[in-house]
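A.B. asks: Dropping a structure here in C-alpha cells format, bear with me for questions.
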Amino acid sequence: MEEAGGCARMGLRGVLLALALLLSVCVRASHGLTDSQDTSVLRALMDQWQNSPPTWGQSDDPCGVSPWDGVTCSNNRVISIKVSTMGIKGLLAADIGQLTELQSLDLSFNKDLGGVLTPTIGNLKQLATLILAGCSFHGNIPDELGSLPNLSYMALNSNQFSGKIPASLGNLSSLYWFDVADNQLTGPLPISSNGGMGLDKLTKTKHFHFNKNQLSGPIPDALFSPEMTLIHLLFDGNKFTGDIPDSLGFVSTLEVVRLDRNTLSGPVPANLNNLTKVNELNLANNQLNGPLPNLSGMTLLNYVDLSNNTFDPSPSPQWFWKLPQLSALIIQSGRLYGTVPMKLFSSPQLQQVILDGNAFNGTLDLGRSISSELSMVSFKDNDFSSVTVTSSYNGTLALAGNPVCDHLPNTAYCNVTQHAPSPAYTTSLVKCFSGACPPEQSMSPQSCGCAYPYQGVMYFRAPFFADVGNGTAFQELESKLWTKLELSPGSVALQDPFFNSDSYMQVQVKLFPSGGPYFNRTEVMRIGFDLSNQTFKPPKEFGPYYFIASPYPFPGHQRTTIIPFTCCLLNL
C-alpha cells in the first residue's frame with residue numbers, strides 16, 4: 001500500500017510539474033521578451049507592407065525563441081531593423097516613431113517601399129544609422145530629421161525626394177555620411193545666419209553627396225571653413241551658378257571634388273592648388289573662364305577633367321607631365337594650342353589622354369619612352385599635320401578631324417568609328433562548360449553550377465583610373481567582395497564595366513551562394529546592409545561608390561496561419 005501511495009504521490013507531482021511548465025509557457029506566450037509597444041509597432045509596419053519577411057508575425061515575440069528576420073533587441077527593446085532587399089512594398093507607418101530605442105534602420109533596395117517620409121522619425125533619438133537608399137520615398141525631407149543627435153550615417157540617395165535640403169540638418173553634429181544624391185531636391189544650400197542652422201555647421205561630416213539633383217543658386221562661400229573634415233564633395237549634376245567659392249581651398253582634407261555638369265562661372269580659385277590630398281578633380285561642363293588652373297600642387301591627383309569650359313587660350317602647362325600619379329588627363333574643348341611635348345606620354349601612371357576639340361598643331365610625336373600603362377590617346381578635331389608613332393605603343397590612337405587624316409584617310413587612327421575602348425573586364429568562366437542556365441539563374445565562376453545570385457550595380461563616382469579593361473584592379477575588387485562579404489572564394493562575377501553619362505564607372509555585380517541555389521533571407525539582409533552602409537570598402541583606387549540591388553528571387557513561400565495558443569487548467 002505504501003508503495004502504491006508513493007507512486008500516487010509521484011504521479012501527482014508529475015502532473016503538477018507538467019502544469020507548472022504549461023503555465024510558464026502560457027506566461028511566456030502572453031508576456032514575450034520584446035516590449036509590447038515595440039511589438040505593436042512592428043505589427044503596424046506589417047499592416048502597411050506587402051512581402052514583409054515570412055517570419056514576421058509567425059510568433060508573438062519578435063526577439064524571442066523564434067525571432068523575426070532582421071529585428072534585433074537589447075533589454076527587451078527593438079534596437080535595429082535591417083530588411084534590405086526583401087521586396088517589401090508599401091509605406092513606412094508613422095508608428096515607427098514609437099521605437100524610441102531604435103539605433104539602426106535599414107530599408108534599402110526595396111524599390112516599391114515609399115510614400116512621404118513620416119515626421120515621426122524625428123522621435124528616434126537613439127538612431128545612429130538611417131538607410132533608405134534605392135527605395136521610392138518622395139516629398140520633402142522632414143525637418144524633424146535634424147533633431148536626431150546620434151545620427152552618424154544618413155543615406156537617402158536614389159529616391160524621389162523633392163523640395164529643399166532642410167537647414168535643420170545642420171544640427172546633426174555626429175553626422176559622418178550625408179548622402180542625398182539622385183533625388184529631385186531643389187533650391188539653395190542652407191547656411192547658418194543670425195544664429196540659425198545650416199550645413200556649414202557640419203564640421204565632422206566626411207561626405208557631402210548631393211549629386212544628381214536640381215539644387216541651384218551659388219555655392220555659398222560660408223559653406224566651407226578650415227575646421228571642416230570633408231573628404232568627398234560631390235555636387236555634380238545640379239544647377240549651381242556663380243563662382244567656385246575661395247573657401248573651398250581651405251578644406252585641406254578633401255580627396256574628391258566633383259563640381260561638373262553645373263553652370264558655374266568665373267575663374268577657378270588659385271588656392272585650389274593647395275588641396276594636396278585630392279585624387280580626383282572634375283570641373284567639366286560648366287562656364288568657367290580665366291586662366292587654365294594651375295594644379296601643380298595636387299601631387300596625388302589621379303584623374304582630372306576640365307572639359308567644356310571657356311578658359312583663356314593656353315599652351316600645355318607643365319603640370320600635365322609633372323604630376324607623378326596622374327592616370328587620366330581629360331580636357332575636351334579647352335582652348336589649348338601649340339605642340340604637345342613628348343614627355344607627356346612618358347608619365348609612368350598615365351592611362352588616358354583625351355584632349356579632343358582643341359587647337360594643337362604641328363606633329364604629334366608620342367616619343368620612344370611611352371608609359372606602359374597608356375591605353376588611350378585621343379586628339380580628335382585638332383590641327384595636327386603629321387603624326388609619329390613607334391611600335392612600342394599598342395593602345396588606341398584617335399585623330400579623326402585633323403588635317404593629317406586628309407592625307408591618310410584609311411589609317412586606323414583616322415577612322416571616325418575607330419575610337420572604341422579596349423574590351424571591358426568580365427569575370428572569366430573559361431573553366432566552366434558552355435551550357436546555359438535557366439531564367440533568373442547565372443553560372444557561378446566558383447562552382448560552375450547555376451544559382452540565383454544576389455546582384456545589382458555598383459556605381460563608382462570617382463575612380464582613380466579610367467581603363468575598364470584593367471584586369472588587375474577588377475580582380476582585386478572581386479577578391480575584396482568575397483572576402484569582406486564572407487562569401488566563398490571565387491564566388492563573385494563582374495560584368496562589362498563602363499563610364500556612363502554621369503562619368504561614373506558602372507559595374508554589374510553578381511554574388512553567388514555556396515551550398516545551394518539560393519541565399520537565405522538572413523544572408524541577403526546582411527549583404528544588403530554591408531553594401532548600403534559602406535561596411536564593404538572597395539580597393540582605394542575605385543574611390544567612393546554606391547550600390548543599387550536588384551530584387552532577389554526568393555523561393556516561393558506561403559505564410560503559415562497562426563493559431564493562438566490558449567492556456568487552461570486541466571480538470572483532474
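Naming works like this for the C-alpha cells: A, B, ... for the chains as they're shown, residue 1 at the start of each chain, ligands 1 onward in shown order.
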Find the residues around range 543-554 of chain A up to 6 Å (only C-alpha atoms counted), leave out those fewer than 4 positions away in its own chain, and share them as a ChimeraX atom specification.
C.D. replies: /A:109,455-463
A.B. asks: For the residues in the current selection, export N, CA, C and O atoms as a compact mmCIF listing (two decimals), in the first residue's frame.
C.D. replies:
# COMPACT_ATOMS: atom_id res chain seq x y z
N PHE A 109 17.02 49.20 -50.83
CA PHE A 109 16.82 48.36 -52.00
C PHE A 109 15.47 47.64 -52.01
O PHE A 109 15.33 46.57 -52.61
N GLN A 455 22.40 40.27 -56.91
CA GLN A 455 23.04 41.09 -57.93
C GLN A 455 22.53 42.52 -57.90
O GLN A 455 21.49 42.84 -57.33
N GLY A 456 23.31 43.36 -58.53
CA GLY A 456 22.98 44.77 -58.62
C GLY A 456 24.08 45.50 -59.35
O GLY A 456 24.94 44.88 -60.00
N VAL A 457 24.08 46.82 -59.25
CA VAL A 457 25.05 47.65 -59.95
C VAL A 457 25.82 48.48 -58.93
O VAL A 457 25.23 49.11 -58.06
N MET A 458 27.14 48.44 -59.05
CA MET A 458 28.00 49.33 -58.27
C MET A 458 28.33 50.54 -59.14
O MET A 458 28.73 50.38 -60.31
N TYR A 459 28.15 51.72 -58.58
CA TYR A 459 28.48 52.97 -59.26
C TYR A 459 29.66 53.60 -58.54
O TYR A 459 29.54 54.01 -57.38
N PHE A 460 30.79 53.66 -59.22
CA PHE A 460 31.98 54.28 -58.65
C PHE A 460 32.02 55.73 -59.12
O PHE A 460 32.18 56.01 -60.31
N ARG A 461 31.83 56.64 -58.17
CA ARG A 461 31.61 58.05 -58.52
C ARG A 461 32.89 58.79 -58.88
O ARG A 461 32.82 59.84 -59.52
N ALA A 462 34.04 58.27 -58.50
CA ALA A 462 35.30 58.97 -58.78
C ALA A 462 36.46 57.99 -58.73
O ALA A 462 37.33 58.07 -57.87
N PRO A 463 36.50 57.02 -59.66
CA PRO A 463 37.63 56.09 -59.65
C PRO A 463 38.92 56.78 -60.04
O PRO A 463 38.91 57.78 -60.76
A.B. asks: Using DSSP on the backbone coordinates, identify all residues within range 81-215 of chain A classified as helix (DSSP H, G or I); present the result as JSON, numbers by chain.
C.D. replies: {"A": [94, 95, 96, 97, 98, 119, 120, 121, 122, 123, 143, 144, 145, 146, 147, 167, 168, 169, 170, 171, 199, 200, 201]}
A.B. asks: With N, CA, C and O atoms retained, write the just-selected residues as a PDB file, in the first residue's frame.
C.D. replies:
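Dumped everything to selection_1.pdb:
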ATOM      1  N   ALA A  94       3.703  55.725 -39.577  1.00  0.00           N
ATOM      2  CA  ALA A  94       4.112  56.756 -38.614  1.00  0.00           C
ATOM      3  C   ALA A  94       4.434  56.153 -37.250  1.00  0.00           C
ATOM      4  O   ALA A  94       5.182  56.757 -36.458  1.00  0.00           O
ATOM      5  N   ASP A  95       3.935  54.952 -36.984  1.00  0.00           N
ATOM      6  CA  ASP A  95       4.216  54.284 -35.714  1.00  0.00           C
ATOM      7  C   ASP A  95       5.701  54.054 -35.489  1.00  0.00           C
ATOM      8  O   ASP A  95       6.130  53.827 -34.354  1.00  0.00           O
ATOM      9  N   ILE A  96       6.501  54.101 -36.560  1.00  0.00           N
ATOM     10  CA  ILE A  96       7.941  53.883 -36.415  1.00  0.00           C
ATOM     11  C   ILE A  96       8.538  54.802 -35.357  1.00  0.00           C
ATOM     12  O   ILE A  96       9.496  54.452 -34.670  1.00  0.00           O
ATOM     13  N   GLY A  97       7.960  55.975 -35.183  1.00  0.00           N
ATOM     14  CA  GLY A  97       8.469  56.944 -34.213  1.00  0.00           C
ATOM     15  C   GLY A  97       8.335  56.498 -32.774  1.00  0.00           C
ATOM     16  O   GLY A  97       8.900  57.139 -31.876  1.00  0.00           O
ATOM     17  N   GLN A  98       7.606  55.405 -32.514  1.00  0.00           N
ATOM     18  CA  GLN A  98       7.450  54.904 -31.143  1.00  0.00           C
ATOM     19  C   GLN A  98       8.546  53.909 -30.751  1.00  0.00           C
ATOM     20  O   GLN A  98       8.600  53.489 -29.591  1.00  0.00           O
ATOM     21  N   PRO A 119       7.255  62.448 -40.427  1.00  0.00           N
ATOM     22  CA  PRO A 119       7.993  63.315 -39.493  1.00  0.00           C
ATOM     23  C   PRO A 119       8.250  62.656 -38.143  1.00  0.00           C
ATOM     24  O   PRO A 119       9.158  63.088 -37.411  1.00  0.00           O
ATOM     25  N   THR A 120       7.486  61.617 -37.804  1.00  0.00           N
ATOM     26  CA  THR A 120       7.701  60.976 -36.505  1.00  0.00           C
ATOM     27  C   THR A 120       9.054  60.307 -36.412  1.00  0.00           C
ATOM     28  O   THR A 120       9.478  59.909 -35.320  1.00  0.00           O
ATOM     29  N   ILE A 121       9.752  60.204 -37.529  1.00  0.00           N
ATOM     30  CA  ILE A 121      11.094  59.634 -37.477  1.00  0.00           C
ATOM     31  C   ILE A 121      12.010  60.497 -36.607  1.00  0.00           C
ATOM     32  O   ILE A 121      13.020  60.035 -36.083  1.00  0.00           O
ATOM     33  N   GLY A 122      11.607  61.746 -36.426  1.00  0.00           N
ATOM     34  CA  GLY A 122      12.367  62.640 -35.550  1.00  0.00           C
ATOM     35  C   GLY A 122      12.282  62.279 -34.079  1.00  0.00           C
ATOM     36  O   GLY A 122      12.990  62.858 -33.248  1.00  0.00           O
ATOM     37  N   ASN A 123      11.403  61.320 -33.719  1.00  0.00           N
ATOM     38  CA  ASN A 123      11.309  60.869 -32.325  1.00  0.00           C
ATOM     39  C   ASN A 123      12.344  59.810 -31.983  1.00  0.00           C
ATOM     40  O   ASN A 123      12.473  59.427 -30.811  1.00  0.00           O
ATOM     41  N   ASP A 143      11.942  68.154 -41.679  1.00  0.00           N
ATOM     42  CA  ASP A 143      12.799  68.954 -40.798  1.00  0.00           C
ATOM     43  C   ASP A 143      13.176  68.181 -39.545  1.00  0.00           C
ATOM     44  O   ASP A 143      14.256  68.380 -38.974  1.00  0.00           O
ATOM     45  N   GLU A 144      12.282  67.305 -39.102  1.00  0.00           N
ATOM     46  CA  GLU A 144      12.490  66.590 -37.851  1.00  0.00           C
ATOM     47  C   GLU A 144      13.722  65.693 -37.861  1.00  0.00           C
ATOM     48  O   GLU A 144      14.227  65.315 -36.792  1.00  0.00           O
ATOM     49  N   LEU A 145      14.238  65.368 -39.057  1.00  0.00           N
ATOM     50  CA  LEU A 145      15.475  64.586 -39.099  1.00  0.00           C
ATOM     51  C   LEU A 145      16.617  65.320 -38.412  1.00  0.00           C
ATOM     52  O   LEU A 145      17.555  64.691 -37.921  1.00  0.00           O
ATOM     53  N   GLY A 146      16.539  66.637 -38.385  1.00  0.00           N
ATOM     54  CA  GLY A 146      17.598  67.423 -37.758  1.00  0.00           C
ATOM     55  C   GLY A 146      17.614  67.348 -36.245  1.00  0.00           C
ATOM     56  O   GLY A 146      18.486  67.945 -35.617  1.00  0.00           O
ATOM     57  N   SER A 147      16.684  66.615 -35.653  1.00  0.00           N
ATOM     58  CA  SER A 147      16.625  66.518 -34.189  1.00  0.00           C
ATOM     59  C   SER A 147      17.144  65.176 -33.675  1.00  0.00           C
ATOM     60  O   SER A 147      16.823  64.779 -32.561  1.00  0.00           O
ATOM     61  N   ALA A 167      17.463  73.180 -43.424  1.00  0.00           N
ATOM     62  CA  ALA A 167      18.555  73.796 -42.662  1.00  0.00           C
ATOM     63  C   ALA A 167      18.765  73.079 -41.344  1.00  0.00           C
ATOM     64  O   ALA A 167      19.876  73.060 -40.798  1.00  0.00           O
ATOM     65  N   SER A 168      17.711  72.455 -40.821  1.00  0.00           N
ATOM     66  CA  SER A 168      17.809  71.776 -39.528  1.00  0.00           C
ATOM     67  C   SER A 168      18.833  70.656 -39.532  1.00  0.00           C
ATOM     68  O   SER A 168      19.326  70.257 -38.469  1.00  0.00           O
ATOM     69  N   LEU A 169      19.190  70.131 -40.719  1.00  0.00           N
ATOM     70  CA  LEU A 169      20.175  69.053 -40.760  1.00  0.00           C
ATOM     71  C   LEU A 169      21.547  69.526 -40.302  1.00  0.00           C
ATOM     72  O   LEU A 169      22.421  68.712 -39.993  1.00  0.00           O
ATOM     73  N   GLY A 170      21.728  70.833 -40.228  1.00  0.00           N
ATOM     74  CA  GLY A 170      22.959  71.374 -39.652  1.00  0.00           C
ATOM     75  C   GLY A 170      23.119  71.068 -38.176  1.00  0.00           C
ATOM     76  O   GLY A 170      24.204  71.256 -37.601  1.00  0.00           O
ATOM     77  N   ASN A 171      22.040  70.598 -37.536  1.00  0.00           N
ATOM     78  CA  ASN A 171      22.112  70.199 -36.126  1.00  0.00           C
ATOM     79  C   ASN A 171      22.776  68.848 -35.924  1.00  0.00           C
ATOM     80  O   ASN A 171      23.071  68.475 -34.780  1.00  0.00           O
ATOM     81  N   LEU A 199      24.296  73.957 -43.213  1.00  0.00           N
ATOM     82  CA  LEU A 199      25.214  72.858 -43.473  1.00  0.00           C
ATOM     83  C   LEU A 199      26.656  73.200 -43.122  1.00  0.00           C
ATOM     84  O   LEU A 199      27.489  72.294 -42.977  1.00  0.00           O
ATOM     85  N   ASP A 200      26.966  74.480 -42.980  1.00  0.00           N
ATOM     86  CA  ASP A 200      28.316  74.873 -42.588  1.00  0.00           C
ATOM     87  C   ASP A 200      28.658  74.444 -41.168  1.00  0.00           C
ATOM     88  O   ASP A 200      29.829  74.434 -40.780  1.00  0.00           O
ATOM     89  N   LYS A 201      27.640  74.047 -40.400  1.00  0.00           N
ATOM     90  CA  LYS A 201      27.869  73.587 -39.028  1.00  0.00           C
ATOM     91  C   LYS A 201      28.360  72.145 -38.974  1.00  0.00           C
ATOM     92  O   LYS A 201      28.771  71.672 -37.913  1.00  0.00           O
TER      93      LYS A 201
END
A.B. asks: How many Å separate CA of Ala181 in chain A from CA of Phe161 in chain A?
C.D. replies: 9.7 Å
A.B. asks: Leaving out Gly490 in chain A and any residue of its chain fewer than 5 positions from it, which residues lie within 8 Å of it when counting only C-alpha atoms, given as number ranges by chain?
C.D. replies: A: 445-446, 478-479, 482
A.B. asks: Need to verify the contact set: Glu280 in chain A, 6 Å, only C-alpha atoms, exclusion of same-chain residues closer than 6 positions in sequence. Can you return it as a PDB file with C-alpha atoms, in the first residue's frame?
C.D. replies:
ATOM      1  CA  VAL A 256      37.467  64.035 -54.334  1.00  0.00           C
ATOM      2  CA  LEU A 301      45.939  63.809 -58.433  1.00  0.00           C
ATOM      3  CA  ASN A 302      44.936  60.726 -60.439  1.00  0.00           C
ATOM      4  CA  TYR A 303      42.031  61.943 -62.554  1.00  0.00           C
ATOM      5  CA  VAL A 304      41.315  65.424 -63.855  1.00  0.00           C
TER       6      VAL A 304
END
A.B. asks: Quick check, in Å to one decimal: how far apart do CA of Leu275 in chain A and CA of His207 in chain A lie?
C.D. replies: 16.3 Å
A.B. asks: Quick one: of A:Ala155, A:Met86, A:Val509, A:Leu233, who's nearest to Leu281 in chain A, counting only C-alpha atoms?
C.D. replies: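 Looking at the shortest contact to Leu281 in chain A, the residue is A:Leu233.
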A.B. asks: Could you go through range 173-359 of chain A and tell me which residues DSSP, when run on the backbone, assigns to strand (DSSP E), listing them as an MDAnalysis selection string?
C.D. replies: chainID A and resid 177:179 184:187 207:209 214:218 232:234 239:242 256:258 263:266 280:282 287:288 303:305 328:330 337:338 352:354 359
A.B. asks: Choose the residue, out of A:Ser108, A:Thr388, A:Asn520, A:Ser375, that has the smallest atom-to-atom separation from Pro423 in chain A; count only C-alpha atoms.
C.D. replies: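 Between A:Ser108, A:Thr388, A:Asn520, A:Ser375, the residue approaching Pro423 in chain A most closely is A:Ser375.
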A.B. asks: Using only C-alpha atoms, which residues sit within 12 Å of Leu288 in chain A once same-chain residues fewer than 2 positions away are excluded, as number ranges by chain?
C.D. replies: A: 241-244, 259-269, 283-286, 290-293, 306-312, 334
A.B. asks: Measuring between only C-alpha atoms, which one of A:Pro497, A:Phe536, A:Thr363, A:Ala473 shows the shortest distance to Leu485 in chain A?
C.D. replies: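 Of A:Pro497, A:Phe536, A:Thr363, A:Ala473, the one nearest Leu485 in chain A, counting only C-alpha atoms, is A:Phe536.
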A.B. asks: Would you kindly return, as a list of chain:residue names, each protein, DNA or RNA residue with an atom no farther than 10 Å from any atom of Glu476 in chain A, considering only C-alpha atoms and excluding same-chain residues fewer than 5 positions away?
C.D. replies: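 In the requested format, the answer is A:Gly471, A:Leu481, A:Pro538, A:Pro539.
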